[in-house]
Amino acid sequence: MTEQNAVASSNGAGRVSRPVDAEVAEGSRTRASVLTAKDLKTDQEVRWCPGCGDYAILAAVQSFLPELGIPREKYAFISGIGCSSRFPYYLNTYGMHSIHGRAPGIATGLAVSRPDLSVWVVTGDGDALSIGGNHLIHALRRNVNLKILLFNNRIYGLTKGQFSPTSEFGKVTKTSPLGSIDYPFNPLSLAIGAGATFAARTLASDRAHLTSVLRAAAAHQGAAFIEIYQNCEIFNDRAFDLLTKPESRGEWTVELTAGQPLRFGPGGTSAVVHDPDGFGLATKKNVADDDPGVIIHDPTRPDPSYAFALSRLGDDDPRLTPIGVLRDVELPTYEELMTHQVAGAEEAAKADLAKLFAGNDSWVVAPGGTHPRD
């Protein structure tokens with residue numbers, strides 16, 4: 001993924017190479033400034049089912065990335081296994097279609113070794129939250145500088161319709177003909193509980209909102225987790241109709257806008273308020289416009305308990321869904337801490353390989369027995 005350190009030029013006697021770091025940097029800026037969505041499309045046939053929400057996400061990402069002013073060769077998209085994980089084939093950037101559940105681990109290695117890259121993880125509810133759960137939570141708790149897009153359709157689509165870690169309790173599928181008896185994960189609660197410094201939810205069907213959340217994640221330094229509700233038309237169609245239909249969206253979505261009151265329902269008459277029992281948040285109907293108890297959204301609160309409470313608003317009624325950025329706080333990234341630690345270690349003790357080999361922590365194996373080296 002490294003750029004060339006030299007370019008060929010003609011001096012009348014043939015083509016020679018010369019260092020042009022400044023010219024390469026200037027060229028990168030020029031290429032980035034004219035990058036378009038078309039430049040990010042590949043010659044690969046997009047092979048998702050007709051009507052799949054993944055098409056909308058792909059189009060949004062391809063249209064949004066040029067805004068960042070980053071050349072294509074500085075992007076890397078890493079995916080695991082599943083319908084969503086075909087994403088790298090369709091983006092004209094660097095990337096890898098890796099192995100089941102391991103995309104966050106592979107992306108961590110890349111981000112740490114190449115902090116100059118913009119590294120994105122594309123995964124699904126099955127890939128990230130089943131076999132990949134361990135890798136996901138550790139990438140988040142370490143605050144690795146990754147942008148993690150989790151496509152959530154609440155079903156295993158690639159393998160033809162089995163219940164997933166986010167399927168509703170009682171969900172009837174090919175692998176749960178009598179209804180699933182697994183309680184589903186709440187991906188945002190999981191991410192915030194793991195220490196994610198950025199956590200958000202959006203909808204594949206809402207291009208403007210999806211793009212705004214992508215912008216916020218791209219601006220964040222550290223692990224950014226975005227749950228994207230995405231419809232699977234074949235195996236779990238209309239799973240999010242209440243949140244996408246104009247006649248019901250306002251009633252069941254709590255729009256999260258920094259500095260704005262958390263109101264929802266017809267005419268904004270319902271609101272999120274402090275729990276009267278003193279624990280977390282609650283919802284209340286018929287709230288006056290000047291009610292001082294209405295929560296003003298602030299995703300920058302250092303204490304994660306507020307963001308976690310937001311993620312649990314649907315506990316009493318799963319139809320109620322917060323949409324937007326729940327948490328956005330700044331903490332040192334894993335890469336920054338590692339670089340500082342390595343630099344300090346190198347400064348404190350210069351490496352001496354010969355001394356290491358001849359140190360006290362070695363043993364002599366002799367016919368009379370094994371004993372420490374004198």
# chains A, B, ... in the order shown; residues from 1 in each chain; ligands from 1
$ residues_around --residues "region 271-287 of chain A" --least-positions-apart "5" --cutoff "9 Å" --atoms "only C-alpha atoms" --output "ChimeraX atom specification"
/A:254,261-265,293-296,305-306,308-310,312-313
$ write_last_selection --atoms "all heavy atoms" --output "tab-separated table (two decimals), in the first residue's frame"
chain	number	residue	atom	x	y	z
A	254	VAL	N	-36.42	8.11	18.05
A	254	VAL	CA	-35.96	9.24	18.85
A	254	VAL	C	-34.74	9.80	18.15
A	254	VAL	O	-33.67	9.19	18.17
A	254	VAL	CB	-35.61	8.82	20.29
A	254	VAL	CG1	-35.16	10.02	21.10
A	254	VAL	CG2	-36.80	8.14	20.95
A	261	PRO	N	-33.50	18.85	22.45
A	261	PRO	CA	-34.27	17.99	23.37
A	261	PRO	C	-34.66	16.67	22.70
A	261	PRO	O	-34.90	16.63	21.49
A	261	PRO	CB	-35.51	18.83	23.69
A	261	PRO	CG	-35.63	19.79	22.54
A	261	PRO	CD	-34.23	20.08	22.09
A	262	LEU	N	-34.72	15.64	23.49
A	262	LEU	CA	-35.06	14.31	22.98
A	262	LEU	C	-36.58	14.14	23.00
A	262	LEU	O	-37.16	13.65	23.97
A	262	LEU	CB	-34.38	13.23	23.82
A	262	LEU	CG	-32.85	13.23	23.79
A	262	LEU	CD1	-32.28	12.09	24.62
A	262	LEU	CD2	-32.33	13.15	22.37
A	263	ARG	N	-37.21	14.56	21.90
A	263	ARG	CA	-38.65	14.46	21.76
A	263	ARG	C	-39.01	13.55	20.60
A	263	ARG	O	-38.24	13.40	19.65
A	263	ARG	CB	-39.26	15.85	21.54
A	263	ARG	CG	-39.26	16.72	22.79
A	263	ARG	CD	-40.00	18.02	22.55
A	263	ARG	NE	-40.24	18.74	23.80
A	263	ARG	CZ	-41.28	18.54	24.61
A	263	ARG	NH1	-42.20	17.64	24.27
A	263	ARG	NH2	-41.43	19.22	25.72
A	264	PHE	N	-40.18	12.96	20.69
A	264	PHE	CA	-40.64	12.06	19.65
A	264	PHE	C	-42.15	11.96	19.73
A	264	PHE	O	-42.79	12.62	20.56
A	264	PHE	CB	-39.99	10.67	19.79
A	264	PHE	CG	-40.35	9.95	21.07
A	264	PHE	CD1	-41.35	8.98	21.08
A	264	PHE	CD2	-39.69	10.24	22.26
A	264	PHE	CE1	-41.70	8.32	22.25
A	264	PHE	CE2	-40.03	9.57	23.44
A	264	PHE	CZ	-41.03	8.61	23.43
A	265	GLY	N	-42.72	11.13	18.87
A	265	GLY	CA	-44.17	10.94	18.87
A	265	GLY	C	-44.87	12.01	18.07
A	265	GLY	O	-44.26	12.96	17.58
A	293	GLY	N	-37.67	18.83	32.62
A	293	GLY	CA	-37.19	17.47	32.79
A	293	GLY	C	-36.77	16.78	31.51
A	293	GLY	O	-36.19	15.69	31.54
A	294	VAL	N	-37.07	17.40	30.36
A	294	VAL	CA	-36.72	16.80	29.08
A	294	VAL	C	-35.20	16.80	28.91
A	294	VAL	O	-34.54	17.82	29.12
A	294	VAL	CB	-37.39	17.55	27.91
A	294	VAL	CG1	-36.96	16.95	26.58
A	294	VAL	CG2	-38.90	17.49	28.07
A	295	ILE	N	-34.66	15.67	28.50
A	295	ILE	CA	-33.21	15.53	28.33
A	295	ILE	C	-32.74	16.27	27.08
A	295	ILE	O	-33.32	16.15	26.01
A	295	ILE	CB	-32.82	14.05	28.22
A	295	ILE	CG1	-33.23	13.28	29.48
A	295	ILE	CG2	-31.32	13.90	27.96
A	295	ILE	CD1	-32.49	13.70	30.72
A	296	ILE	N	-31.67	17.06	27.24
A	296	ILE	CA	-30.99	17.68	26.11
A	296	ILE	C	-29.83	16.77	25.72
A	296	ILE	O	-28.98	16.46	26.56
A	296	ILE	CB	-30.47	19.09	26.46
A	296	ILE	CG1	-31.63	19.96	26.98
A	296	ILE	CG2	-29.81	19.72	25.24
A	296	ILE	CD1	-32.75	20.16	25.99
A	305	SER	N	-22.56	5.96	30.97
A	305	SER	CA	-23.86	5.50	31.46
A	305	SER	C	-25.02	6.19	30.74
A	305	SER	O	-26.08	5.59	30.53
A	305	SER	CB	-23.97	5.70	32.97
A	305	SER	OG	-23.85	7.08	33.31
A	306	TYR	N	-24.85	7.45	30.36
A	306	TYR	CA	-25.91	8.16	29.64
A	306	TYR	C	-26.14	7.52	28.27
A	306	TYR	O	-27.28	7.23	27.89
A	306	TYR	CB	-25.54	9.64	29.49
A	306	TYR	CG	-26.39	10.37	28.46
A	306	TYR	CD1	-27.72	10.65	28.71
A	306	TYR	CD2	-25.84	10.77	27.24
A	306	TYR	CE1	-28.51	11.32	27.77
A	306	TYR	CE2	-26.62	11.44	26.30
A	306	TYR	CZ	-27.95	11.71	26.56
A	306	TYR	OH	-28.71	12.36	25.63
A	308	PHE	N	-25.33	4.56	27.35
A	308	PHE	CA	-25.84	3.20	27.55
A	308	PHE	C	-27.34	3.23	27.83
A	308	PHE	O	-28.11	2.42	27.30
A	308	PHE	CB	-25.11	2.51	28.70
A	308	PHE	CG	-25.47	1.06	28.86
A	308	PHE	CD1	-24.82	0.08	28.11
A	308	PHE	CD2	-26.46	0.66	29.74
A	308	PHE	CE1	-25.17	-1.26	28.24
A	308	PHE	CE2	-26.82	-0.67	29.88
A	308	PHE	CZ	-26.16	-1.64	29.12
A	309	ALA	N	-27.77	4.18	28.66
A	309	ALA	CA	-29.20	4.31	28.96
A	309	ALA	C	-29.99	4.62	27.69
A	309	ALA	O	-31.10	4.12	27.50
A	309	ALA	CB	-29.42	5.39	30.02
A	310	LEU	N	-29.43	5.46	26.81
A	310	LEU	CA	-30.10	5.73	25.54
A	310	LEU	C	-30.27	4.46	24.72
A	310	LEU	O	-31.32	4.24	24.10
A	310	LEU	CB	-29.29	6.75	24.72
A	310	LEU	CG	-29.46	8.23	25.02
A	310	LEU	CD1	-28.55	9.04	24.10
A	310	LEU	CD2	-30.91	8.65	24.84
A	312	ARG	N	-30.82	1.63	25.70
A	312	ARG	CA	-31.81	0.73	26.30
A	312	ARG	C	-33.21	1.33	26.31
A	312	ARG	O	-34.11	0.79	26.98
A	312	ARG	CB	-31.42	0.39	27.75
A	312	ARG	CG	-30.01	-0.10	27.96
A	312	ARG	CD	-29.66	-1.31	27.14
A	312	ARG	NE	-30.54	-2.44	27.37
A	312	ARG	CZ	-30.34	-3.65	26.85
A	312	ARG	NH1	-29.30	-3.86	26.05
A	312	ARG	NH2	-31.18	-4.63	27.11
A	313	LEU	N	-33.45	2.39	25.57
A	313	LEU	CA	-34.77	3.02	25.58
A	313	LEU	C	-35.87	2.06	25.14
A	313	LEU	O	-37.02	2.19	25.54
A	313	LEU	CB	-34.78	4.25	24.67
A	313	LEU	CG	-34.17	5.54	25.22
A	313	LEU	CD1	-34.28	6.65	24.19
A	313	LEU	CD2	-34.84	5.95	26.52
$ select_by_dssp --residues "region 19-175 of chain A" --states "helix (DSSP H, G or I)" --output "JSON, numbers by chain"
{"A": [21, 22, 23, 24, 25, 26, 27, 28, 29, 30, 31, 32, 33, 38, 39, 40, 54, 55, 56, 57, 58, 59, 60, 61, 62, 63, 64, 65, 66, 67, 68, 72, 73, 74, 84, 85, 86, 87, 88, 89, 90, 103, 104, 105, 106, 107, 108, 109, 110, 111, 112, 113, 125, 126, 127, 128, 129, 130, 131, 133, 134, 135, 136, 137, 138, 139, 140, 141]}
$ residues_around --residues "Ile148 (chain A)" --least-positions-apart "6" --cutoff "10 Å" --atoms "only C-alpha atoms" --output "list in words"
Phe77, Ile78, Ser79, Ala103, Pro104, Ala107, Val119, Trp120, Val121, Val122, Thr123, Ala128, Leu136, Ala139, Leu140, Ala199, Ala217, Ala223, Ala224, Phe225, Ile226 and Glu227 of chain A
$ residues_around --residues "Ile323 (chain A)" --least-positions-apart "3" --cutoff "7 Å" --atoms "only C-alpha atoms" --output "list in words"
Arg201, Thr202, Thr253, Val254, Glu255 and Leu256 of chain A
$ atom_distance --atom1 "CA of Met338 (chain A)" --atom2 "CA of Pro115 (chain A)"
11.3 Å
$ atom_distance --atom1 "CA of Thr175 (chain A)" --atom2 "CA of Phe163 (chain A)"
6.6 Å
$ select_by_dssp --residues "region 191-281 of chain A" --states "strand (DSSP E)" --output "list in words"
Phe198, Ala199, Ala200, Arg201, Thr202, Leu203, Ala224, Phe225, Ile226, Glu227, Ile228, Tyr229, Thr253, Val254, Glu255, Leu256, Arg263, Phe264, Ser270, Ala271, Val272, Val273, His274 and Leu281 of chain A
$ closest_residue --among "A:Arg72, A:Arg114, A:His100, A:His209" --to "Val325 (chain A)" --atoms "only C-alpha atoms"
A:His209
$ atom_distance --atom1 "CA of Asp328 (chain A)" --atom2 "CA of Leu150 (chain A)"
17.3 Å
$ closest_atom_pairs --of "region 91-188 of chain A" --to "region 231-252 of chain A" --cutoff "8 Å" --atoms "only C-alpha atoms" --output "JSON lines"
{"residue": "A:Asn153", "atom": "CA", "partner": "A:Asn231", "partner_atom": "CA", "distance": 5.5}
{"residue": "A:Arg154", "atom": "CA", "partner": "A:Asn236", "partner_atom": "CA", "distance": 7.4}
{"residue": "A:Ile155", "atom": "CA", "partner": "A:Asn236", "partner_atom": "CA", "distance": 6.6}
{"residue": "A:Gly157", "atom": "CA", "partner": "A:Phe235", "partner_atom": "CA", "distance": 6.4}
{"residue": "A:Lys160", "atom": "CA", "partner": "A:Phe235", "partner_atom": "CA", "distance": 6.9}
{"residue": "A:Gly161", "atom": "CA", "partner": "A:Phe235", "partner_atom": "CA", "distance": 5.3}
$ closest_residue --among "A:Leu129, A:Ala366, A:Val46, A:Leu203" --to "Pro165 (chain A)" --atoms "only C-alpha atoms"
A:Leu129
